[in-house]
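The file target02.cif contains mmCIF, C-alpha atoms:
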data_final
#
loop_
_atom_site.label_atom_id
_atom_site.label_comp_id
_atom_site.auth_asym_id
_atom_site.auth_seq_id
_atom_site.Cartn_x
_atom_site.Cartn_y
_atom_site.Cartn_z
CA MET S 1 64.38 37.32 113.95
CA THR S 2 66.08 37.62 110.62
CA ASN S 3 67.08 33.99 110.73
CA SER S 4 63.58 32.70 111.21
CA THR S 5 62.29 34.71 108.26
CA SER S 6 65.11 33.93 105.90
CA SER S 7 64.00 30.50 104.79
CA SER S 8 62.42 31.74 101.59
CA SER S 9 63.53 35.38 101.60
CA SER S 10 67.22 35.90 101.09
CA ASP S 11 69.16 37.75 103.77
CA ASN S 12 70.04 40.26 101.12
CA SER S 13 66.39 41.08 100.47
CA ILE S 14 65.77 41.45 104.19
CA GLN S 15 68.68 43.87 104.49
CA LEU S 16 67.23 45.75 101.54
CA VAL S 17 63.87 46.07 103.31
CA HIS S 18 65.70 47.70 106.21
CA ALA S 19 67.65 49.97 103.86
CA TYR S 20 64.42 50.83 102.05
CA MET S 21 62.61 51.68 105.28
CA ASP S 22 65.60 53.81 106.26
CA GLY S 23 65.35 55.82 103.04
CA GLU S 24 68.74 54.58 101.84
CA LEU S 25 67.71 53.23 98.43
CA ASP S 26 67.59 55.16 95.19
CA LEU S 27 64.40 55.23 93.18
CA THR S 28 65.16 52.15 91.06
CA ALA S 29 66.19 50.00 94.01
CA ALA S 30 63.23 51.28 96.04
CA LEU S 31 60.79 50.26 93.32
CA GLY S 32 62.49 46.86 93.07
CA ILE S 33 62.14 46.12 96.77
CA GLU S 34 58.56 47.43 96.85
CA GLU S 35 57.72 44.76 94.25
CA LYS S 36 59.45 42.08 96.29
CA ILE S 37 57.64 43.15 99.45
CA ALA S 38 54.33 42.94 97.61
CA ALA S 39 55.14 39.41 96.45
CA ASP S 40 56.69 37.98 99.61
CA PRO S 41 54.71 37.94 102.89
CA LYS S 42 57.89 37.42 104.90
CA LEU S 43 59.41 40.61 103.57
CA ALA S 44 56.10 42.38 104.19
CA ALA S 45 56.19 41.11 107.79
CA GLU S 46 59.75 42.41 108.17
CA ARG S 47 58.56 45.81 106.99
CA GLU S 48 55.65 45.75 109.45
CA ARG S 49 58.03 44.95 112.31
CA ILE S 50 60.28 47.86 111.38
CA ILE S 51 57.27 50.19 111.25
CA ALA S 52 55.90 48.94 114.58
CA LEU S 53 59.24 49.42 116.31
CA ARG S 54 59.71 52.84 114.74
CA GLU S 55 56.27 53.97 115.85
CA ALA S 56 56.91 52.66 119.34
CA VAL S 57 60.13 54.69 119.48
CA GLN S 58 58.49 57.82 118.12
CA GLN S 59 55.52 57.64 120.43
CA ASN S 60 57.19 56.47 123.61
CA LEU S 61 60.72 57.72 123.46
CA PRO S 62 60.71 61.52 123.50
CA ARG S 63 63.79 63.21 122.08
CA ASP S 64 64.85 64.74 125.37
CA PRO S 65 66.59 68.11 125.11
CA ILE S 66 69.90 68.76 126.83
CA PRO S 67 69.32 69.74 130.48
CA PRO S 68 69.32 73.55 130.56
CA ALA S 69 71.79 73.63 133.46
CA LEU S 70 74.27 71.59 131.42
CA GLN S 71 73.88 73.87 128.42
CA ARG S 72 74.48 76.92 130.62
CA ARG S 73 77.55 75.27 132.12
CA ILE S 74 78.97 74.53 128.67
CA GLU S 75 78.29 78.04 127.41
CA LYS S 76 79.89 79.48 130.51
CA THR S 77 82.98 77.26 130.21
CA ILE S 78 83.47 78.25 126.60
CA GLY S 79 82.86 81.89 127.39
CA LEU S 80 79.78 82.44 125.27
CA ARG S 81 78.18 85.50 126.69
CA GLN S 82 74.68 86.47 125.84
CA GLU S 83 75.65 89.69 124.08
CA THR S 84 78.37 88.13 121.93
CA SER S 85 76.67 84.88 121.09
CA HIS S 86 74.61 84.30 118.01
CA PRO S 87 70.86 84.36 118.51
CA THR S 88 69.38 81.15 119.82
CA TRP S 89 66.29 79.62 118.22
CA ARG S 90 64.19 81.14 120.94
CA ALA S 91 65.61 84.57 120.25
CA LEU S 92 65.05 84.06 116.55
CA ALA S 93 61.46 83.07 117.18
CA ALA S 94 60.99 86.16 119.33
CA SER S 95 62.45 88.38 116.63
CA VAL S 96 60.16 86.80 114.06
CA ALA S 97 57.19 87.53 116.28
CA LEU S 98 58.42 91.08 116.62
CA ALA S 99 58.95 91.44 112.87
CA VAL S 100 55.42 90.22 112.25
CA LEU S 101 54.08 92.70 114.77
CA VAL S 102 56.08 95.58 113.34
CA THR S 103 55.33 94.95 109.69
CA SER S 104 51.83 93.58 110.24
CA SER S 105 51.47 93.23 106.51
CA SER S 106 50.95 90.18 104.38
CA THR S 107 54.41 90.54 102.88
CA TRP S 108 56.64 87.91 104.33
CA LEU S 109 60.09 88.97 105.46
CA PHE S 110 63.04 86.70 105.70
CA LEU S 111 64.77 86.04 108.99
CA ASP S 112 67.83 87.35 107.22
CA ALA S 113 66.84 90.88 106.33
CA LYS S 114 69.64 91.15 103.76
CA ALA S 115 68.07 88.49 101.56
CA PRO S 116 66.57 90.07 98.48
CA GLN S 117 64.09 87.23 97.86
CA THR S 118 60.70 86.79 99.43
CA MET S 119 59.92 83.51 101.12
CA GLU S 120 57.56 82.65 98.28
CA ASP S 121 60.38 83.10 95.74
CA ALA S 122 62.66 80.86 97.75
CA ILE S 123 60.02 78.14 97.99
CA VAL S 124 59.26 78.26 94.28
CA ALA S 125 63.02 78.11 93.62
CA GLY S 126 63.17 74.94 95.74
CA HIS S 127 60.35 73.41 93.73
CA ILE S 128 62.07 74.25 90.42
CA ARG S 129 65.36 72.85 91.66
CA GLY S 130 63.50 69.66 92.61
CA LEU S 131 62.06 69.40 89.11
CA MET S 132 65.48 69.88 87.51
CA ALA S 133 67.36 67.48 89.78
CA PRO S 134 67.58 63.79 88.81
CA GLN S 135 64.97 63.14 91.50
CA PRO S 136 62.51 65.60 93.05
CA ALA S 137 63.10 64.02 96.49
CA ASP S 138 66.24 63.32 98.53
CA VAL S 139 64.48 60.43 100.20
CA ALA S 140 62.34 58.48 97.74
CA SER S 141 59.64 56.50 99.48
CA THR S 142 55.89 56.10 99.41
CA GLU S 143 56.04 55.17 103.12
CA ARG S 144 55.27 58.04 105.44
CA HIS S 145 56.94 55.93 108.15
CA THR S 146 60.17 56.32 106.22
CA VAL S 147 59.79 59.90 105.09
CA LYS S 148 58.92 61.49 108.44
CA PRO S 149 61.82 60.05 110.46
CA TRP S 150 64.21 60.93 107.65
CA PHE S 151 63.68 64.58 108.58
CA ASN S 152 64.60 64.06 112.24
CA GLY S 153 67.84 65.81 112.96
CA ARG S 154 68.02 67.39 109.52
CA VAL S 155 65.50 70.05 110.44
CA VAL S 156 64.38 71.39 113.79
CA GLU S 157 61.00 69.73 113.55
CA ALA S 158 59.99 66.82 111.30
CA PRO S 159 56.86 67.81 109.37
CA HIS S 160 53.44 66.22 109.57
CA VAL S 161 53.28 63.65 106.75
CA ALA S 162 49.82 62.73 105.45
CA ASP S 163 49.02 59.65 103.38
CA LEU S 164 46.81 60.91 100.54
CA THR S 165 47.40 58.02 98.14
CA SER S 166 43.77 56.95 98.13
CA ASP S 167 42.81 60.52 97.19
CA GLY S 168 45.05 60.47 94.14
CA PHE S 169 48.02 62.29 95.68
CA PRO S 170 50.62 59.58 96.34
CA LEU S 171 53.60 60.44 98.52
CA ILE S 172 56.83 60.41 96.50
CA GLY S 173 59.29 61.39 99.19
CA GLY S 174 60.88 64.36 100.90
CA ARG S 175 63.77 66.75 100.58
CA ILE S 176 65.42 69.64 102.38
CA ASP S 177 65.02 73.08 100.85
CA VAL S 178 66.85 76.13 102.05
CA VAL S 179 64.83 79.22 102.85
CA GLY S 180 66.64 82.26 104.23
CA SER S 181 69.77 80.09 104.85
CA ARG S 182 67.66 77.82 107.03
CA PRO S 183 67.01 74.17 106.15
CA VAL S 184 63.28 73.45 105.95
CA PRO S 185 61.41 70.21 105.17
CA THR S 186 59.61 69.75 101.87
CA LEU S 187 57.29 66.83 101.17
CA VAL S 188 56.91 65.71 97.58
CA TYR S 189 53.57 64.38 96.37
CA GLY S 190 52.50 63.24 92.91
CA ARG S 191 49.40 64.08 90.90
CA ARG S 192 49.25 62.01 87.73
CA LYS S 193 52.51 63.01 86.00
CA HIS S 194 52.95 66.17 88.05
CA ILE S 195 54.85 66.97 91.20
CA ILE S 196 53.58 68.91 94.20
CA SER S 197 56.11 70.34 96.67
CA LEU S 198 54.79 71.04 100.15
CA THR S 199 57.23 73.07 102.22
CA ALA S 200 56.69 73.47 105.99
CA VAL S 201 58.39 76.46 107.57
CA PRO S 202 58.33 76.60 111.39
CA ASN S 203 57.12 80.01 112.25
CA ALA S 204 56.26 80.37 115.91
CA GLY S 205 54.97 83.91 115.74
CA ARG S 206 52.31 83.32 113.10
CA ALA S 207 48.65 82.87 113.86
CA THR S 208 46.72 80.07 112.17
CA SER S 209 45.28 81.25 108.89
CA GLY S 210 43.27 79.77 106.07
CA PRO S 211 44.58 79.02 102.59
CA SER S 212 45.50 81.86 100.27
CA VAL S 213 46.14 81.28 96.58
CA SER S 214 48.74 82.93 94.35
CA VAL S 215 50.74 82.39 91.19
CA ASP S 216 54.52 82.81 90.94
CA SER S 217 56.68 82.14 87.84
CA GLY S 218 53.78 80.19 86.35
CA TYR S 219 53.37 77.89 89.36
CA ASN S 220 50.23 77.72 91.45
CA ILE S 221 50.78 78.25 95.15
CA VAL S 222 48.52 77.63 98.12
CA HIS S 223 49.71 78.94 101.48
CA TRP S 224 48.28 78.46 104.96
CA VAL S 225 49.43 78.47 108.59
CA THR S 226 48.57 75.74 111.09
CA ASN S 227 49.95 75.41 114.63
CA GLY S 228 52.72 77.92 114.05
CA ILE S 229 53.91 76.30 110.83
CA SER S 230 53.63 77.98 107.43
CA TYR S 231 52.75 75.53 104.67
CA TRP S 232 53.44 76.27 101.01
CA ALA S 233 52.13 73.93 98.32
CA VAL S 234 53.70 74.63 94.91
CA SER S 235 52.92 72.86 91.65
CA ASP S 236 52.08 73.16 87.99
CA VAL S 237 48.90 71.16 88.53
CA SER S 238 45.68 73.11 88.04
CA ALA S 239 44.64 75.54 90.75
CA SER S 240 41.62 73.37 91.56
CA ASP S 241 43.77 70.24 91.98
CA LEU S 242 46.18 72.09 94.23
CA ASP S 243 43.29 73.51 96.21
CA GLU S 244 41.90 70.00 96.69
CA PHE S 245 45.34 68.77 97.78
CA ALA S 246 45.58 71.55 100.37
CA LYS S 247 42.08 70.79 101.67
CA LEU S 248 42.86 67.08 102.04
CA PHE S 249 46.19 67.74 103.73
CA ARG S 250 44.66 70.29 106.10
CA ALA S 251 41.92 67.81 106.99
CA THR S 252 44.58 65.40 108.29
CA GLN S 253 46.04 68.06 110.56
CA SER S 254 43.02 68.49 112.80
CA MET N 1 91.06 88.27 120.63
CA GLY N 2 89.27 88.53 117.29
CA ALA N 3 90.11 84.92 116.52
CA GLU N 4 88.77 83.83 119.88
CA GLU N 5 85.53 85.73 119.29
CA ASP N 6 85.28 84.10 115.86
CA LYS N 7 85.60 80.69 117.45
CA LYS N 8 82.87 81.50 119.94
CA ALA N 9 80.59 82.73 117.19
CA ARG N 10 81.25 79.60 115.14
CA PHE N 11 80.57 77.40 118.15
CA ALA N 12 77.30 79.19 118.85
CA ARG N 13 76.23 78.92 115.23
CA LEU N 14 77.41 75.40 114.37
CA ILE N 15 77.50 73.43 117.62
CA THR N 16 74.90 74.90 119.99
CA PRO N 17 71.93 73.76 117.82
CA TYR N 18 73.11 70.15 118.18
CA LEU N 19 73.81 70.00 121.91
CA SER N 20 70.65 67.99 122.53
CA HIS N 21 71.70 65.46 119.90
CA ALA N 22 75.07 65.21 121.60
CA TYR N 23 73.47 64.71 125.00
CA ARG N 24 71.12 61.97 123.77
CA LEU N 25 73.96 60.12 122.06
CA ALA N 26 76.14 60.28 125.18
CA ARG N 27 73.25 59.05 127.30
CA SER N 28 72.61 56.22 124.89
CA ILE N 29 76.25 55.13 124.95
CA THR N 30 76.65 55.32 128.72
CA SER N 31 73.05 54.54 129.77
CA SER N 32 73.57 57.16 132.46
CA PRO N 33 72.41 60.79 132.50
CA THR N 34 75.18 61.79 134.92
CA ASP N 35 77.95 60.21 132.87
CA ALA N 36 76.41 61.73 129.74
CA GLU N 37 76.71 65.23 131.23
CA ASP N 38 80.43 64.82 131.91
CA ILE N 39 81.00 63.46 128.42
CA VAL N 40 79.05 66.18 126.61
CA GLN N 41 80.91 68.87 128.53
CA GLU N 42 84.28 67.36 127.66
CA ALA N 43 83.26 66.79 124.03
CA CYS N 44 82.16 70.43 123.75
CA LEU N 45 85.55 71.63 124.96
CA ARG N 46 87.21 69.47 122.31
CA ALA N 47 84.78 70.74 119.70
CA PHE N 48 85.55 74.32 120.67
CA ARG N 49 89.31 73.75 120.35
CA GLY N 50 88.83 72.28 116.87
CA ILE N 51 85.99 74.53 115.75
CA ASN N 52 87.98 76.09 112.91
CA GLY N 53 88.42 72.69 111.28
CA VAL N 54 84.74 71.85 110.83
CA VAL N 55 82.91 72.25 107.55
CA ASP N 56 79.68 74.18 108.11
CA THR N 57 77.39 71.62 106.52
CA ASN N 58 78.82 68.72 108.48
CA ALA N 59 78.72 70.15 111.99
CA ARG N 60 76.22 67.68 113.43
CA ALA N 61 78.08 64.54 112.33
CA TRP N 62 81.35 66.16 113.35
CA LEU N 63 80.11 66.92 116.88
CA LEU N 64 78.60 63.46 117.26
CA THR N 65 81.89 61.87 116.14
CA ILE N 66 83.64 63.77 118.93
CA VAL N 67 80.97 62.64 121.40
CA HIS N 68 81.43 59.03 120.25
CA HIS N 69 85.20 59.13 120.78
CA THR N 70 84.95 61.03 124.07
CA ALA N 71 82.37 58.56 125.38
CA CYS N 72 84.38 55.50 124.35
CA THR N 73 87.55 56.88 125.95
CA TRP N 74 85.61 57.84 129.04
CA LEU N 75 84.02 54.40 129.37
CA ARG N 76 87.36 52.65 128.90
CA LYS N 77 88.76 54.68 131.76
CA ASN N 78 85.79 54.76 134.13
CA ARG N 79 83.43 51.91 133.28
CA PRO N 80 85.47 49.22 131.53
CA ALA N 81 82.76 46.62 132.16
CA ALA N 82 80.35 48.55 129.95
CA LEU N 83 82.55 47.97 126.94
CA ILE N 84 82.40 44.20 127.24
CA SER N 85 79.68 43.41 124.77
CA VAL N 86 80.43 39.79 123.92
CA VAL N 87 77.64 38.24 125.92
CA ASN N 88 74.31 39.95 126.12
CA VAL N 89 72.54 37.83 128.70
CA ALA N 90 69.07 39.24 128.23
CA ALA N 91 69.09 38.81 124.46
CA VAL N 92 70.50 35.29 124.62
CA GLU N 93 67.92 34.21 127.19
CA ALA N 94 65.21 35.84 125.17
CA LYS N 95 66.14 33.84 122.12
CA GLN N 96 66.41 30.56 124.02
CA ALA N 97 63.09 30.90 125.72
CA LYS N 98 61.34 32.25 122.66
CA PHE N 99 60.29 28.89 121.38
CA ASP N 100 58.73 27.48 124.54
CA GLU N 101 56.91 30.56 125.64
CA GLN N 102 55.44 32.18 122.60
CA ASP N 103 52.52 34.47 123.02
CA ALA N 104 50.15 32.84 120.59
CA ASP N 105 47.28 35.27 121.05
CA THR N 106 48.87 38.61 120.27
CA PRO N 107 50.57 39.34 116.97
CA GLU N 108 54.13 40.51 117.35
CA THR N 109 53.52 43.90 115.78
CA ALA N 110 50.68 44.58 118.22
CA LEU N 111 52.97 43.79 121.16
CA ILE N 112 55.63 46.10 119.82
CA ALA N 113 53.11 48.88 119.35
CA LYS N 114 51.86 48.46 122.95
CA THR N 115 55.22 48.80 124.57
CA ASN N 116 55.86 51.85 126.73
CA ARG N 117 58.78 54.12 127.42
CA ALA N 118 60.18 52.16 130.35
CA ARG N 119 60.05 48.90 128.44
CA LEU N 120 61.60 50.41 125.37
CA GLU N 121 64.40 52.05 127.32
CA ALA N 122 65.08 48.80 129.13
CA ALA N 123 65.14 46.91 125.85
CA ILE N 124 67.43 49.41 124.13
CA GLY N 125 69.60 49.62 127.25
CA SER N 126 70.15 45.86 127.19
CA LEU N 127 71.53 45.90 123.65
CA SER N 128 75.29 45.77 123.42
CA LEU N 129 76.93 49.16 122.95
CA PRO N 130 77.48 49.13 119.15
CA TYR N 131 73.88 48.03 118.51
CA ARG N 132 72.46 50.50 121.02
CA GLU N 133 74.43 53.39 119.58
CA THR N 134 73.63 52.55 115.96
CA PHE N 135 69.94 52.08 116.68
CA THR N 136 69.74 55.39 118.57
CA LEU N 137 71.55 57.32 115.85
CA ARG N 138 69.17 55.92 113.25
CA GLU N 139 65.78 55.78 114.95
CA VAL N 140 66.02 58.60 117.47
CA GLU N 141 68.37 61.03 115.72
CA GLY N 142 67.35 60.13 112.18
CA LEU N 143 70.88 60.00 110.77
CA ASN N 144 71.61 58.20 107.51
CA TYR N 145 73.92 55.20 107.14
CA ARG N 146 76.81 57.27 105.82
CA GLU N 147 76.68 59.62 108.80
CA ILE N 148 76.40 56.74 111.27
CA ALA N 149 79.36 55.02 109.60
CA GLU N 150 81.38 58.22 109.92
CA ILE N 151 80.48 58.77 113.57
CA THR N 152 81.04 55.21 114.75
CA GLY N 153 84.06 54.62 112.53
CA VAL N 154 82.84 51.47 110.77
CA PRO N 155 81.91 50.63 107.15
CA ILE N 156 78.36 51.22 105.93
CA GLY N 157 77.80 47.46 105.64
CA THR N 158 78.49 47.13 109.36
CA VAL N 159 75.96 49.88 110.09
CA MET N 160 73.37 47.94 108.08
CA SER N 161 73.95 44.67 109.85
CA ARG N 162 74.12 46.26 113.31
CA LEU N 163 70.85 48.01 112.64
CA SER N 164 68.94 44.96 111.48
CA ARG N 165 70.33 42.88 114.36
CA ALA N 166 69.48 45.58 116.88
CA ARG N 167 65.92 45.64 115.55
CA ASP N 168 65.72 41.84 115.66
CA GLN N 169 66.89 41.74 119.26
CA LEU N 170 64.50 44.49 120.32
CA ASP N 171 61.62 42.68 118.62
CA ASP N 172 62.60 39.48 120.40
CA MET N 173 62.67 41.14 123.80
CA ILE N 174 59.38 42.93 123.31
CA GLU N 175 57.77 39.87 121.82
CA ARG N 176 58.66 37.79 124.84
CA LYS N 177 57.40 40.48 127.22
CA ARG N 178 60.55 40.07 129.25
CA LEU N 179 60.73 43.78 129.93
#
Could you spell out this file's structure in structure tokens?
Amino acid sequence: MTNSTSSSSSDNSIQLVHAYMDGELDLTAALGIEEKIAADPKLAAERERIIALREAVQQNLPRDPIPPALQRRIEKTIGLRQETSHPTWRALAASVALAVLVTSSSTWLFLDAKAPQTMEDAIVAGHIRGLMAPQPADVASTERHTVKPWFNGRVVEAPHVADLTSDGFPLIGGRIDVVGSRPVPTLVYGRRKHIISLTAVPNAGRATSGPSVSVDSGYNIVHWVTNGISYWAVSDVSASDLDEFAKLFRATQS
Amino acid sequence: MGAEEDKKARFARLITPYLSHAYRLARSITSSPTDAEDIVQEACLRAFRGINGVVDTNARAWLLTIVHHTACTWLRKNRPAALISVVNVAAVEAKQAKFDEQDADTPETALIAKTNRARLEAAIGSLSLPYRETFTLREVEGLNYREIAEITGVPIGTVMSRLSRARDQLDDMIERKRL
């Protein structure tokens, strides 16, 4: 209960803990409340309760899809016919699989064939934009319990978020990048004074593959595919640091 | 004819990806899968009629706003009792009994973590409508405060207080193992 915990912690601070855990605070306010949480056990307990409830919801309350019969009924009522409608996600996934089969080369093609960029270019562009923006992350939080749910609803699938703080790669937050006019999740990690962007592109047709290393516009890039998701780590940290980051992150995926 | 085809294409591109969000919101508001189906279908027809007025980047919040209004109108007409949210018996009882029946052995967070789907759904279902809807939009759909404020038609401050109270009440119910 808020009331029972408010004896020494002001209601305002408790509200701020909620706002912080919901990714609603800017960097300055987030740092301020992190300090307060560290100093006040009651605020820390409030945070733990929010995390526990959130985990219970995520683990036990599946995000049920619309019943297929209802979707068909709606599409029929509106007069969406298969041949005139835009491709569904399933159709897109199928066409990606087909594209991969047809090209069978390491060159990545966009879903939108008209796009002149490669996927790697688009991901590096997202990283650069992050560096130039006032903040590299749209949601600033060192809490993976805040960052992961922030992606729900913004992208088709919230990415796996690993806590690598103890390995020297603290989580800074997350943002949405746009790749081939599709919103994709990017996690932002720190390495000393540097920023690492990790973009996760759902990619159902792709087989799991080990890390490959490249350089684009002066940035080091490590790319791998796990469980049908393409991961792209981009940073100006040294190639060995980025390689270590990728190894650590991959280790949390198994 | 061309305009109609345009509308269909826009609906397929902007609205179809969010039909599941719409369905979950309607189910959360009505606590009934059957009622939710009727509401989503009606909301989609409204969305289709107004499809030319939606900004591409705001389609999800726009659709969910329509679902919110459709559901509230629908409830007022068909289930007026559901809108009466003054007294929430379960939550009140939970608070009253909290002090004489505390579970001293298990920390609260451990109890919350152990809860299962049926318990959670029962707990969320027993929240009053504004709390239930706000909590679902935040924790299940992952919307931000501004979007929730827009969809439910209240100021951001109200979203904040509804959310923290909804969490408090859920914690209370789970803590007391009343579910």
Legend entry - Given the PyMOL selection byres ((chain S) within 8 of (chain N)), the residues it picks as a count of residues only: 38
Legend entry - Between CA of Ile33 (chain S) and CA of Tyr20 (chain S) - distance in Å to one decimal: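 It comes out at 7.4 Å.
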Inset, instruction - Write out as a PyMOL selection string which residues come within 7 Å of Arg191 (chain S) when counting only C-alpha atoms, dropping same-chain ones fewer than 4 positions away. - result: chain S and resi 168-169+195
Inset, instruction - For region 182-190 of chain S, list every protein, DNA or RNA residue within 7 Å, evaluated using all atoms listed in the file, and leave out those in the same chain fewer than 3 positions away; present the list as an NGL selection string. - result: :S and (137 or 151 or 155 or 159 or 169-179 or 193-201)
Inset, instruction - Would you translate the PyMOL selection byres ((chain N and resi 133) around 10) into the concrete set of residues it matches in this file, as a ChimeraX atom specification? - result: /N:25-30,68,124-125,127-132,134-138,148,152,162-163,166
Using only C-alpha atoms, please write the residues we just selected to a file, as a CSV table (one decimal), in the frame of the given file.
chain,number,residue,atom,x,y,z
N,25,LEU,CA,74.0,60.1,122.1
N,26,ALA,CA,76.1,60.3,125.2
N,27,ARG,CA,73.2,59.0,127.3
N,28,SER,CA,72.6,56.2,124.9
N,29,ILE,CA,76.2,55.1,125.0
N,30,THR,CA,76.6,55.3,128.7
N,68,HIS,CA,81.4,59.0,120.2
N,124,ILE,CA,67.4,49.4,124.1
N,125,GLY,CA,69.6,49.6,127.2
N,127,LEU,CA,71.5,45.9,123.6
N,128,SER,CA,75.3,45.8,123.4
N,129,LEU,CA,76.9,49.2,123.0
N,130,PRO,CA,77.5,49.1,119.2
N,131,TYR,CA,73.9,48.0,118.5
N,132,ARG,CA,72.5,50.5,121.0
N,134,THR,CA,73.6,52.6,116.0
N,135,PHE,CA,69.9,52.1,116.7
N,136,THR,CA,69.7,55.4,118.6
N,137,LEU,CA,71.6,57.3,115.8
N,138,ARG,CA,69.2,55.9,113.2
N,148,ILE,CA,76.4,56.7,111.3
N,152,THR,CA,81.0,55.2,114.8
N,162,ARG,CA,74.1,46.3,113.3
N,163,LEU,CA,70.8,48.0,112.6
N,166,ALA,CA,69.5,45.6,116.9
Inset, instruction - Check the smallest atom-to-atom distance from each of S:Asn203, S:Ala162, S:Pro136, S:Ser217 to Ala246 (chain S) using only C-alpha atoms, then report the winner. - result: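 Ranking S:Asn203, S:Ala162, S:Pro136, S:Ser217 by distance to Ala246 (chain S), first place goes to S:Ala162.
The spacing separating CA of Ala207 (chain S) from CA of Ile229 (chain S) amounts to 8.9 Å.
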Legend entry - Atomic separation - CA of Ser31 (chain N) relative to CA of Arg76 (chain N), Å: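 Computing the Euclidean distance for CA of Arg76 (chain N) and CA of Ser31 (chain N) yields 14.5 Å.
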Inset, instruction - Determine the residue membership of the PyMOL selection byres ((chain S and resi 13) around 12) for the file above and supply it as number ranges by chain. - result: S: 2, 5-12, 14-20, 29-30, 32-37, 40, 42-44, 46-47; N: 164
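Considering all atoms listed in the file, the residue among N:Asp35, N:Thr65, N:Ala123, N:Ile15 positioned nearest to Glu175 (chain N) is N:Ala123.
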